[in-house]
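Chemist: Next comes upload-v6.cif, mmCIF, C-alpha atoms and all ligand atoms:
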data_target
loop_
_atom_site.label_atom_id
_atom_site.label_comp_id
_atom_site.auth_asym_id
_atom_site.auth_seq_id
_atom_site.Cartn_x
_atom_site.Cartn_y
_atom_site.Cartn_z
CA MET A 10 -18.57 -8.42 -13.83
CA ALA A 11 -16.63 -5.47 -12.57
CA LYS A 12 -14.35 -3.59 -14.95
CA VAL A 13 -11.60 -2.02 -12.93
CA LEU A 14 -9.38 1.02 -13.39
CA ALA A 15 -6.30 0.65 -11.19
CA THR A 16 -4.65 4.04 -10.65
CA GLY A 17 -1.03 3.46 -9.70
CA GLY A 18 -1.45 -0.08 -10.98
CA MET A 19 2.20 -0.33 -12.07
CA GLY A 20 3.47 0.22 -8.53
CA TYR A 21 4.26 -2.30 -5.84
CA ILE A 22 0.85 -2.94 -4.30
CA GLY A 23 -1.03 -1.95 -7.45
CA SER A 24 0.74 -4.45 -9.72
CA HIS A 25 0.24 -7.31 -7.27
CA THR A 26 -3.45 -6.49 -7.06
CA VAL A 27 -3.76 -6.24 -10.85
CA ILE A 28 -2.32 -9.77 -11.11
CA GLU A 29 -4.82 -11.20 -8.62
CA LEU A 30 -7.69 -9.38 -10.37
CA ILE A 31 -6.70 -10.80 -13.75
CA LYS A 32 -6.33 -14.28 -12.24
CA LYS A 33 -9.91 -14.02 -11.01
CA GLY A 34 -11.12 -13.06 -14.49
CA TYR A 35 -11.63 -9.32 -14.01
CA GLU A 36 -10.89 -6.89 -16.80
CA VAL A 37 -8.41 -4.27 -15.61
CA GLU A 38 -6.93 -1.11 -17.08
CA ILE A 39 -4.02 0.75 -15.49
CA LEU A 40 -3.47 4.50 -15.15
CA ASP A 41 0.05 5.31 -13.99
CA ASN A 42 2.61 8.02 -14.71
CA LEU A 43 5.58 5.69 -13.95
CA TYR A 44 6.90 8.19 -11.38
CA ASN A 45 7.84 5.38 -9.02
CA SER A 46 7.51 2.33 -11.25
CA LYS A 47 8.87 0.91 -14.47
CA VAL A 48 7.10 0.10 -17.72
CA GLU A 49 8.63 -3.43 -17.66
CA VAL A 50 6.10 -4.27 -14.93
CA LEU A 51 3.55 -4.63 -17.72
CA ASP A 52 5.62 -7.42 -19.31
CA LYS A 53 5.89 -9.17 -15.96
CA ILE A 54 2.14 -8.96 -15.40
CA GLU A 55 1.66 -10.52 -18.82
CA GLN A 56 4.27 -13.19 -18.12
CA ILE A 57 2.55 -14.16 -14.86
CA THR A 58 -1.09 -13.98 -15.97
CA GLY A 59 -0.99 -14.39 -19.76
CA VAL A 60 -2.93 -11.14 -20.08
CA ARG A 61 -1.54 -7.71 -20.93
CA PRO A 62 -3.81 -5.13 -19.35
CA LYS A 63 -4.46 -1.89 -21.18
CA PHE A 64 -2.01 0.68 -19.84
CA HIS A 65 -2.58 4.44 -19.88
CA GLU A 66 0.67 6.27 -19.20
CA ALA A 67 -0.95 9.31 -17.70
CA ASP A 68 -0.72 11.61 -14.73
CA MET A 69 -3.84 11.85 -12.61
CA LEU A 70 -3.16 15.59 -12.35
CA ASP A 71 -3.89 15.83 -16.09
CA SER A 72 -7.64 16.10 -15.68
CA GLU A 73 -8.38 16.21 -19.42
CA LYS A 74 -6.53 12.93 -19.93
CA VAL A 75 -8.24 11.39 -16.91
CA ASP A 76 -11.65 12.43 -18.28
CA GLN A 77 -10.81 10.92 -21.65
CA ILE A 78 -9.72 7.60 -20.09
CA PHE A 79 -12.97 7.43 -18.14
CA ALA A 80 -15.10 8.42 -21.13
CA GLU A 81 -13.70 5.51 -23.11
CA GLY A 82 -13.27 2.98 -20.31
CA ASN A 83 -16.75 1.97 -19.18
CA PHE A 84 -15.36 1.19 -15.74
CA THR A 85 -17.55 -0.02 -12.92
CA THR A 86 -14.89 0.30 -10.23
CA VAL A 87 -11.76 2.27 -9.40
CA ILE A 88 -9.02 0.94 -7.16
CA HIS A 89 -7.07 4.04 -6.27
CA PHE A 90 -3.44 3.29 -5.43
CA ALA A 91 -1.80 6.28 -7.11
CA GLY A 92 -0.07 8.83 -4.91
CA LEU A 93 3.20 9.97 -3.43
CA LYS A 94 4.21 7.99 -0.36
CA ALA A 95 7.62 8.90 1.02
CA VAL A 96 7.14 10.17 4.55
CA GLY A 97 10.40 12.13 4.85
CA GLU A 98 10.08 13.70 1.41
CA SER A 99 6.54 14.80 2.25
CA VAL A 100 7.88 16.88 5.13
CA GLU A 101 10.30 18.63 2.77
CA LYS A 102 7.87 19.04 -0.13
CA PRO A 103 4.42 19.41 1.41
CA LEU A 104 2.88 21.25 -1.54
CA GLU A 105 3.86 18.50 -3.96
CA TYR A 106 2.25 15.94 -1.69
CA TYR A 107 -0.98 17.86 -1.20
CA LYS A 108 -1.21 18.67 -4.89
CA THR A 109 -0.55 15.18 -6.18
CA ASN A 110 -2.48 13.18 -3.62
CA ILE A 111 -5.44 15.50 -3.05
CA ASP A 112 -5.85 17.14 -6.50
CA GLY A 113 -5.16 13.81 -8.17
CA THR A 114 -7.89 12.12 -6.15
CA LEU A 115 -10.31 14.97 -6.87
CA ASN A 116 -9.67 14.55 -10.60
CA ILE A 117 -10.42 10.84 -10.34
CA LEU A 118 -13.58 11.46 -8.31
CA LYS A 119 -14.77 14.13 -10.75
CA ALA A 120 -14.28 11.79 -13.70
CA MET A 121 -16.07 9.04 -11.78
CA LYS A 122 -19.00 11.34 -11.15
CA GLU A 123 -19.24 12.46 -14.76
CA ASN A 124 -19.16 8.89 -15.99
CA ASN A 125 -21.47 7.44 -13.38
CA VAL A 126 -18.80 5.25 -11.77
CA LYS A 127 -19.86 4.83 -8.16
CA HIS A 128 -17.47 2.34 -6.66
CA ILE A 129 -14.00 3.09 -5.28
CA ILE A 130 -11.51 1.17 -3.18
CA PHE A 131 -8.91 3.45 -1.64
CA SER A 132 -5.35 2.61 -0.52
CA SER A 133 -5.14 4.13 2.91
CA SER A 134 -2.68 3.44 5.67
CA ALA A 135 -2.45 2.66 9.35
CA THR A 136 -0.72 6.02 9.47
CA VAL A 137 -4.18 7.68 9.76
CA TYR A 138 -4.34 6.48 13.37
CA GLY A 139 -1.46 8.85 14.16
CA ASP A 140 -0.33 7.93 17.65
CA PRO A 141 -3.21 5.73 18.81
CA HIS A 142 -1.73 5.41 22.33
CA GLN A 143 -2.24 1.67 22.13
CA ASP A 144 -0.41 -1.18 20.40
CA THR A 145 -3.27 -2.62 18.37
CA CYS A 146 -5.67 -0.56 16.26
CA ASP A 147 -9.20 -1.34 15.24
CA GLU A 148 -11.17 0.70 12.74
CA SER A 149 -13.26 2.47 15.36
CA LEU A 150 -10.31 4.45 16.71
CA PRO A 151 -10.32 8.16 15.94
CA THR A 152 -8.18 9.17 12.99
CA GLY A 153 -6.28 12.30 12.04
CA ARG A 154 -4.86 12.97 15.49
CA GLU A 155 -1.15 13.59 16.00
CA LEU A 156 -0.28 13.04 12.37
CA THR A 157 3.34 14.04 11.96
CA ASN A 158 3.75 14.39 8.22
CA PRO A 159 1.97 15.62 5.09
CA TYR A 160 1.90 12.11 3.55
CA GLY A 161 -0.14 10.79 6.47
CA LYS A 162 -2.34 13.87 6.43
CA THR A 163 -3.19 13.35 2.75
CA LYS A 164 -4.31 9.78 3.51
CA TYR A 165 -6.52 11.10 6.31
CA MET A 166 -7.88 13.95 4.17
CA ILE A 167 -8.71 11.65 1.26
CA GLU A 168 -10.59 9.35 3.64
CA GLU A 169 -12.64 12.36 4.75
CA ILE A 170 -13.29 13.46 1.14
CA LEU A 171 -14.51 9.96 0.28
CA LYS A 172 -16.86 9.93 3.28
CA ASP A 173 -18.38 13.22 2.08
CA VAL A 174 -18.78 11.89 -1.47
CA ALA A 175 -20.58 8.79 -0.18
CA TYR A 176 -22.77 10.96 2.05
CA ALA A 177 -23.83 13.11 -0.89
CA ASP A 178 -24.66 10.16 -3.15
CA LYS A 179 -26.28 7.26 -1.35
CA ASP A 180 -25.54 4.85 -4.22
CA PHE A 181 -21.82 5.46 -3.93
CA LYS A 182 -19.73 2.57 -2.60
CA VAL A 183 -16.52 3.55 -0.83
CA THR A 184 -14.14 1.04 0.69
CA ILE A 185 -11.14 2.33 2.60
CA LEU A 186 -8.35 -0.17 3.21
CA ARG A 187 -5.82 0.73 5.88
CA TYR A 188 -2.63 -1.13 5.14
CA PHE A 189 -0.14 -2.00 7.84
CA ASN A 190 3.40 -2.81 6.60
CA PRO A 191 3.36 -4.50 3.17
CA VAL A 192 6.30 -6.80 2.41
CA GLY A 193 7.18 -9.68 0.06
CA ASN A 194 6.19 -10.11 -3.56
CA HIS A 195 4.67 -12.52 -6.07
CA GLU A 196 6.01 -16.05 -5.55
CA SER A 197 7.45 -16.08 -9.09
CA GLY A 198 9.99 -13.47 -8.00
CA LEU A 199 9.27 -11.63 -11.27
CA ILE A 200 7.92 -8.50 -9.64
CA GLY A 201 8.48 -6.87 -6.29
CA GLU A 202 9.09 -3.61 -4.51
CA ASP A 203 11.55 -1.65 -6.60
CA PRO A 204 11.34 2.01 -5.65
CA ASN A 205 13.15 4.65 -7.68
CA GLY A 206 15.67 6.52 -5.51
CA ILE A 207 16.54 5.94 -1.88
CA PRO A 208 13.92 3.91 -0.04
CA ASN A 209 12.83 4.72 3.50
CA ASN A 210 10.91 1.60 4.48
CA LEU A 211 12.58 -1.33 6.16
CA MET A 212 12.23 -4.10 3.54
CA PRO A 213 13.47 -2.15 0.49
CA ILE A 214 16.41 -0.98 2.61
CA ILE A 215 17.20 -4.57 3.63
CA MET A 216 17.09 -5.48 -0.07
CA LYS A 217 19.49 -2.69 -1.01
CA VAL A 218 21.88 -3.69 1.80
CA SER A 219 21.80 -7.27 0.53
CA LYS A 220 22.62 -6.04 -2.99
CA GLY A 221 25.53 -3.97 -1.61
CA GLU A 222 23.90 -0.71 -2.72
CA ILE A 223 23.68 0.46 0.90
CA PRO A 224 26.56 -0.59 3.19
CA GLU A 225 24.49 -1.46 6.25
CA LEU A 226 21.05 -1.24 7.77
CA SER A 227 20.59 1.35 10.50
CA VAL A 228 18.33 -0.10 13.19
CA PHE A 229 16.37 2.82 14.57
CA GLY A 230 16.63 2.19 18.29
CA ASP A 231 17.13 -0.87 20.50
CA ASP A 232 15.88 0.70 23.72
CA TYR A 233 12.12 0.50 23.22
CA ASP A 234 9.97 -1.37 25.70
CA THR A 235 9.59 -4.43 23.45
CA ARG A 236 10.89 -8.02 23.64
CA ASP A 237 14.26 -7.15 22.08
CA GLY A 238 14.24 -3.36 22.30
CA SER A 239 13.48 -2.71 18.60
CA CYS A 240 10.13 -1.53 17.21
CA ILE A 241 7.33 -3.94 16.42
CA ARG A 242 5.27 -3.72 13.22
CA ASP A 243 2.63 -5.82 11.51
CA TYR A 244 4.24 -6.98 8.25
CA ILE A 245 1.68 -8.19 5.74
CA HIS A 246 2.51 -10.15 2.60
CA VAL A 247 1.58 -8.08 -0.44
CA VAL A 248 -0.25 -10.99 -2.11
CA ASP A 249 -2.50 -11.30 0.94
CA LEU A 250 -3.00 -7.56 0.75
CA ALA A 251 -3.88 -7.83 -2.96
CA ASN A 252 -6.47 -10.50 -2.22
CA GLY A 253 -7.95 -8.26 0.45
CA HIS A 254 -8.70 -5.70 -2.27
CA ILE A 255 -10.59 -8.22 -4.34
CA LEU A 256 -12.74 -9.47 -1.47
CA ALA A 257 -13.38 -5.88 -0.43
CA MET A 258 -14.38 -5.01 -3.98
CA GLU A 259 -16.70 -7.99 -4.30
CA LYS A 260 -18.40 -7.28 -0.98
CA SER A 261 -18.73 -3.50 -1.26
CA GLN A 262 -21.98 -1.95 -0.08
CA PRO A 263 -23.34 1.56 -0.63
CA GLY A 264 -21.83 3.89 1.95
CA VAL A 265 -18.40 3.72 3.52
CA SER A 266 -16.69 0.53 4.69
CA ILE A 267 -13.32 0.64 6.39
CA TYR A 268 -10.97 -2.28 6.98
CA ASN A 269 -7.55 -2.76 8.46
CA LEU A 270 -5.44 -5.11 6.38
CA GLY A 271 -2.77 -6.60 8.60
CA THR A 272 -1.92 -9.96 10.13
CA GLY A 273 -2.56 -9.09 13.76
CA ASN A 274 0.98 -10.29 14.57
CA GLY A 275 3.95 -8.14 15.38
CA THR A 276 7.59 -8.65 14.37
CA THR A 277 10.56 -6.67 15.68
CA VAL A 278 13.28 -5.17 13.48
CA PHE A 279 15.80 -7.70 14.83
CA GLU A 280 13.38 -10.54 14.05
CA MET A 281 13.08 -9.20 10.49
CA ILE A 282 16.88 -9.21 10.16
CA ASP A 283 16.99 -12.73 11.53
CA ALA A 284 14.25 -13.96 9.18
CA PHE A 285 16.10 -12.43 6.22
CA GLU A 286 19.38 -14.05 7.24
CA LYS A 287 17.75 -17.47 7.69
CA ALA A 288 15.97 -17.31 4.35
CA SER A 289 18.99 -16.02 2.41
CA GLY A 290 21.86 -17.70 4.22
CA GLU A 291 23.57 -14.29 4.18
CA LYS A 292 24.69 -12.06 7.02
CA LEU A 293 22.98 -8.71 6.88
CA PRO A 294 25.29 -5.93 8.08
CA TYR A 295 23.57 -3.56 10.48
CA LYS A 296 24.27 -1.09 13.25
CA VAL A 297 22.00 0.23 15.94
CA VAL A 298 21.50 3.99 15.71
CA GLY A 299 19.22 6.39 17.56
CA ARG A 300 15.44 6.30 17.42
CA ARG A 301 13.78 7.78 14.33
CA ALA A 302 11.56 10.76 15.08
CA GLY A 303 7.88 9.86 14.92
CA ASP A 304 8.33 6.08 15.27
CA LEU A 305 5.87 4.30 17.55
CA PRO A 306 7.28 1.42 19.61
CA ILE A 307 4.51 -0.99 18.59
CA LEU A 308 1.81 -0.86 15.91
CA THR A 309 -0.23 -3.90 14.90
CA ALA A 310 -3.61 -4.40 13.31
CA ASN A 311 -6.78 -5.71 14.76
CA ALA A 312 -7.97 -7.30 11.51
CA GLU A 313 -11.05 -9.03 12.91
CA LYS A 314 -13.46 -6.85 10.96
CA ALA A 315 -11.97 -7.92 7.62
CA GLU A 316 -12.14 -11.54 8.74
CA LYS A 317 -15.74 -11.24 9.89
CA GLU A 318 -17.17 -9.15 7.05
CA LEU A 319 -14.95 -10.06 4.11
CA GLY A 320 -13.83 -13.54 5.09
CA TRP A 321 -10.27 -12.28 4.66
CA HIS A 322 -7.23 -13.06 6.70
CA ALA A 323 -3.52 -13.16 5.95
CA GLU A 324 -2.37 -16.60 4.87
CA ARG A 325 1.33 -15.87 4.55
CA ASN A 326 3.87 -14.97 7.21
CA VAL A 327 7.17 -13.11 7.40
CA GLU A 328 9.12 -16.26 6.43
CA ASP A 329 7.06 -16.54 3.22
CA ALA A 330 7.70 -12.87 2.52
CA MET A 331 11.44 -13.30 2.98
CA ARG A 332 11.56 -16.38 0.72
CA ASP A 333 9.71 -14.50 -2.04
CA THR A 334 11.82 -11.37 -1.56
CA ILE A 335 15.02 -13.36 -2.00
CA LYS A 336 13.66 -14.94 -5.15
CA PHE A 337 12.94 -11.44 -6.50
CA LEU A 338 16.37 -10.18 -5.41
CA ARG A 339 18.22 -13.03 -7.08
CA GLY A 340 16.18 -12.65 -10.28
C1 LIG B 1 6.30 4.18 7.74
C2 LIG B 1 5.69 5.51 7.99
C3 LIG B 1 4.18 5.39 7.80
C4 LIG B 1 3.87 4.83 6.40
C5 LIG B 1 4.59 3.50 6.23
C6 LIG B 1 4.41 2.93 4.83
C7 LIG B 1 7.13 6.72 9.57
C8 LIG B 1 7.29 7.19 10.97
N1 LIG B 1 6.04 5.99 9.32
O1 LIG B 1 5.80 3.26 8.70
O2 LIG B 1 3.60 6.66 7.94
O3 LIG B 1 2.49 4.64 6.26
O4 LIG B 1 5.99 3.70 6.46
O5 LIG B 1 5.06 3.70 3.87
O6 LIG B 1 7.95 6.97 8.71
N2 LIG B 1 13.45 0.79 10.46
C9 LIG B 1 14.77 0.69 10.81
N3 LIG B 1 15.70 1.11 9.91
C10 LIG B 1 15.38 1.61 8.67
C11 LIG B 1 14.01 1.71 8.33
C12 LIG B 1 13.07 1.29 9.24
O7 LIG B 1 15.10 0.25 11.90
O8 LIG B 1 16.28 1.99 7.92
C13 LIG B 1 12.42 0.34 11.41
C14 LIG B 1 11.49 1.46 11.85
O9 LIG B 1 11.95 2.05 13.01
C15 LIG B 1 10.19 0.69 12.08
C16 LIG B 1 10.28 -0.50 11.12
O10 LIG B 1 11.63 -0.61 10.74
O11 LIG B 1 10.16 0.16 13.37
C17 LIG B 1 9.42 -0.30 9.90
O12 LIG B 1 9.73 0.95 9.32
P1 LIG B 1 9.06 1.46 7.98
O13 LIG B 1 9.20 0.42 6.94
O14 LIG B 1 9.61 2.81 7.68
O15 LIG B 1 7.52 1.52 8.33
P2 LIG B 1 6.75 2.34 9.49
O16 LIG B 1 7.67 3.17 10.29
O17 LIG B 1 5.93 1.36 10.24
#
Now that the file is in, can you turn its structure into structure tokens?
Modeler:
Amino acid sequence: MAKVLATGGMGYIGSHTVIELIKKGYEVEILDNLYNSKVEVLDKIEQITGVRPKFHEADMLDSEKVDQIFAEGNFTTVIHFAGLKAVGESVEKPLEYYKTNIDGTLNILKAMKENNVKHIIFSSSATVYGDPHQDTCDESLPTGRELTNPYGKTKYMIEEILKDVAYADKDFKVTILRYFNPVGNHESGLIGEDPNGIPNNLMPIIMKVSKGEIPELSVFGDDYDTRDGSCIRDYIHVVDLANGHILAMEKSQPGVSIYNLGTGNGTTVFEMIDAFEKASGEKLPYKVVGRRAGDLPILTANAEKAEKELGWHAERNVEDAMRDTIKFLRG
């Protein structure tokens, strides 16, 4: 049975995946520097699963520490979530983003090589499609074109690095998962998305508005060519996303496999507000402001490849995500 190292396993998507791995009987260790997560997540994982995974509080830029963790870990598989992910911040601090995301990944790959670990699942993003000039993306589209920020470029570059690693070692199994817009949380409401600092994604902002920490949501544009004028995205429940990692891990083949993880359905910003209001019974204050630079009007996944090859599809919808989010919000 696989023994997994989850880098960034204390974060939002990482912690949900760790829970599903433990539930399926996998042994998991976590490497995380708690830059954007809290140590209490470990207690919550234990509360939900009954298992407290081994936690290494370490920075993946500390290559000596990374080597030591690998030397002692006997891992078969790495699920690599760790990295910086704030789009706006990446424009202001490009060097930090390239250093953390690229150097960090190189340290992990070097330790994998030295310890004969030949199986990695990588957290990529639909952002690698740049502006695909179409509303729905499948995995065969070219990547790396018209990327507007260093964060997105690091995701693209890491994909390319992984392809080269798999080319050089034919036993190496690389799975790249391109996430669309993760939302929701574990149905217990014990864990969820809880970023340090000011969030820039829609759901964490909605949560902060609901808590009164941000006065109102700014809707970035209501004049797009969509059914209500606001942008359309493919919001995927994080537990579905977590399960996608496990199926991808179990079905990995030597070489590179790439999958979109999304629902295939689009929801507008106004529909998200509406779904939140219905699920919470609250009014969500918002105002329409100008378009945000770099936003595409519509971006949804073609997730047929994951369905066909992994037997994976999203089982939860935006209403489920809102219900679980409210449970998390209300503690
Ligand atoms: C963004 C990033 C993308 C990254 C992804 C996950 C941009 C242009 N894209 O995607 O590279 O992979 O996050 O981290 O930043 N919205 C509002 N008001 C807000 C926030 C968002 O109206 O305060 C709207 C946006 O216009 C968008 C939708 O909500 O239509 C979702 O936004 P967001 O959560 O930031 O995700 P993406 O823009 O899809």
Chemist: Check which residues fall inside 6 Å of ligand LIG 1 (chain B) when counting all atoms listed in the file, and print them as a PyMOL selection string.
Modeler: chain A and resi 96+134+136+161+209-211+226-229+240-242+278+303-304
Chemist: Please build the interface table for stretch 50-83 of chain A against stretch 38-46 of chain A with a cut-off of 10 Å, listing for each qualifying residue the nearest atom pair and the distance in Å to one decimal; count only C-alpha atoms, order rows by chain and increasing number, and write it as JSON lines.
Modeler:
{"residue": "A:Val50", "atom": "CA", "partner": "A:Ser46", "partner_atom": "CA", "distance": 7.7}
{"residue": "A:Leu51", "atom": "CA", "partner": "A:Ile39", "partner_atom": "CA", "distance": 9.6}
{"residue": "A:Arg61", "atom": "CA", "partner": "A:Glu38", "partner_atom": "CA", "distance": 9.4}
{"residue": "A:Pro62", "atom": "CA", "partner": "A:Glu38", "partner_atom": "CA", "distance": 5.6}
{"residue": "A:Lys63", "atom": "CA", "partner": "A:Glu38", "partner_atom": "CA", "distance": 4.8}
{"residue": "A:Phe64", "atom": "CA", "partner": "A:Ile39", "partner_atom": "CA", "distance": 4.8}
{"residue": "A:His65", "atom": "CA", "partner": "A:Leu40", "partner_atom": "CA", "distance": 4.8}
{"residue": "A:Glu66", "atom": "CA", "partner": "A:Asn42", "partner_atom": "CA", "distance": 5.2}
{"residue": "A:Ala67", "atom": "CA", "partner": "A:Asn42", "partner_atom": "CA", "distance": 4.8}
{"residue": "A:Asp68", "atom": "CA", "partner": "A:Asn42", "partner_atom": "CA", "distance": 4.9}
{"residue": "A:Met69", "atom": "CA", "partner": "A:Asp41", "partner_atom": "CA", "distance": 7.7}
{"residue": "A:Leu70", "atom": "CA", "partner": "A:Asn42", "partner_atom": "CA", "distance": 9.8}
{"residue": "A:Val75", "atom": "CA", "partner": "A:Leu40", "partner_atom": "CA", "distance": 8.6}
{"residue": "A:Ile78", "atom": "CA", "partner": "A:Leu40", "partner_atom": "CA", "distance": 8.5}
{"residue": "A:Gly82", "atom": "CA", "partner": "A:Glu38", "partner_atom": "CA", "distance": 8.2}
Chemist: Taking into account only C-alpha atoms, which residue in the set A:Asn205, A:Thr85, A:Thr276, A:Gln56 is nearest to A:Glu36?
Modeler: A:Thr85
Chemist: Measuring atom to atom with only C-alpha atoms, identify which of A:Gly23, A:Pro103, A:Gly230, A:Gly273 is nearest to A:Arg301.
Modeler: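 That would be A:Gly230, the residue with the smallest distance to A:Arg301.
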Chemist: What is the atom CA of A:Met19 to atom CA of A:Ala312 distance in Å?
Modeler: 26.6 Å
Chemist: Would you please work out which residue, of A:Ser132, A:Ser72, A:Ser24, A:Ser149, is nearest to A:Ile88 when using only C-alpha atoms?
Modeler: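 Among the listed residues, A:Ser132 lies closest to A:Ile88.
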Chemist: Got a sec: who's within 6 Å of A:Val13, counting all atoms listed in the file, leaving out chain neighbours fewer than 5 positions off, as a VMD selection string?
Modeler: chain A and resid 37 84 86 to 87
Chemist: Have a look at atom CA of A:Ser99 and atom CA of A:Asn274 and let me know their distance in Å, one decimal.
Modeler: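 We find that atom CA of A:Ser99 and atom CA of A:Asn274 lie 28.5 Å from each other.
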Chemist: Hey, can you check how far atom CA of A:Leu256 sits from atom CA of A:Thr16?
Modeler: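 These atoms are spaced 18.2 Å apart.
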Chemist: Using all atoms of stretch 281-298 of chain A listed in the file and a margin of 8 Å per side, can you give the axis-aligned box centre and edge lengths in Å to one decimal, as JSON?
Modeler:
{"center_x": 19.2, "center_y": -6.9, "center_z": 9.2, "size_x": 28.2, "size_y": 37.7, "size_z": 29.5}
Chemist: Can you pull out every residue within 9 Å of A:Ile185, counting all atoms listed in the file, but drop anything in the same chain fewer than 5 positions away, and send it as a VMD selection string?
Modeler: chain A and resid 129 to 133 168 171 265 to 269
Chemist: With distances taken over only C-alpha atoms, which of A:Ala257, A:Ala310, A:Met212, A:Leu319 is nearest to A:Leu186?
Modeler: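 Distance minimum relative to A:Leu186 lands on A:Ala257.
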Chemist: What's the 12 Å shell around A:Arg236, counting all atoms listed in the file, without same-chain residues fewer than 5 positions away, as a PyMOL selection string?
Modeler: chain A and resi 231+241+275-280+306-307
Chemist: Point out the residue among A:Ser289, A:Ser219, A:Thr334, A:Thr184 with the least atom-to-atom distance to A:Pro263, counting all atoms listed in the file.
Modeler: A:Thr184
Chemist: Considering all atoms listed in the file, can you say which of A:Lys53, A:His254, A:Lys12, A:His246 comes closest to A:Arg332?
Modeler: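 Of the candidates, the smallest distance to A:Arg332 is held by A:His246.
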Chemist: Please list as a ChimeraX atom specification every residue within 12 Å of A:Glu222, counting all atoms listed in the file and excluding residues in the same chain fewer than 6 positions away.
Modeler: /A:206-208,213-216
Chemist: Can you tell me, as a list in words, what residues are no more than 10 Å from A:Lys32 when counting only C-alpha atoms, ignoring any on the same chain fewer than 6 positions away?
Modeler: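 Neighbouring residues, sequence-local ones excluded: Thr26, Ile57, Thr58, Gly59 and Val60 of chain A.
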Chemist: Provide stretch 134-145 of chain A rebuilt to N, CA, C and O atoms, formatted as a tab-separated table (two decimals), in the frame of the given file.
Modeler:
chain	number	residue	atom	x	y	z
A	134	SER	N	-3.83	3.93	4.90
A	134	SER	CA	-2.68	3.44	5.67
A	134	SER	C	-2.99	3.49	7.15
A	134	SER	O	-3.75	4.37	7.61
A	135	ALA	N	-2.35	2.61	7.89
A	135	ALA	CA	-2.45	2.66	9.35
A	135	ALA	C	-1.94	3.99	9.89
A	135	ALA	O	-2.22	4.34	11.04
A	136	THR	N	-1.24	4.72	9.05
A	136	THR	CA	-0.72	6.02	9.47
A	136	THR	C	-1.85	6.97	9.90
A	136	THR	O	-1.62	7.89	10.69
A	137	VAL	N	-3.08	6.77	9.40
A	137	VAL	CA	-4.18	7.68	9.76
A	137	VAL	C	-4.52	7.63	11.25
A	137	VAL	O	-5.15	8.53	11.78
A	138	TYR	N	-4.09	6.55	11.94
A	138	TYR	CA	-4.34	6.48	13.37
A	138	TYR	C	-3.41	7.40	14.17
A	138	TYR	O	-3.59	7.57	15.37
A	139	GLY	N	-2.41	7.97	13.47
A	139	GLY	CA	-1.46	8.85	14.16
A	139	GLY	C	-0.80	8.08	15.29
A	139	GLY	O	-0.35	6.95	15.11
A	140	ASP	N	-0.78	8.69	16.48
A	140	ASP	CA	-0.33	7.93	17.65
A	140	ASP	C	-1.58	7.47	18.39
A	140	ASP	O	-2.23	8.25	19.09
A	141	PRO	N	-1.95	6.19	18.23
A	141	PRO	CA	-3.21	5.73	18.81
A	141	PRO	C	-3.13	5.49	20.32
A	141	PRO	O	-4.15	5.18	20.94
A	142	HIS	N	-1.94	5.64	20.89
A	142	HIS	CA	-1.73	5.41	22.33
A	142	HIS	C	-2.14	4.00	22.73
A	142	HIS	O	-2.59	3.77	23.85
A	143	GLN	N	-2.07	3.08	21.81
A	143	GLN	CA	-2.24	1.67	22.13
A	143	GLN	C	-1.53	0.88	21.04
A	143	GLN	O	-1.24	1.41	19.96
A	144	ASP	N	-1.26	-0.40	21.31
A	144	ASP	CA	-0.41	-1.18	20.40
A	144	ASP	C	-1.17	-1.75	19.22
A	144	ASP	O	-0.60	-2.02	18.17
A	145	THR	N	-2.46	-1.99	19.41
A	145	THR	CA	-3.27	-2.62	18.37
A	145	THR	C	-4.42	-1.70	18.01
A	145	THR	O	-5.07	-1.16	18.90
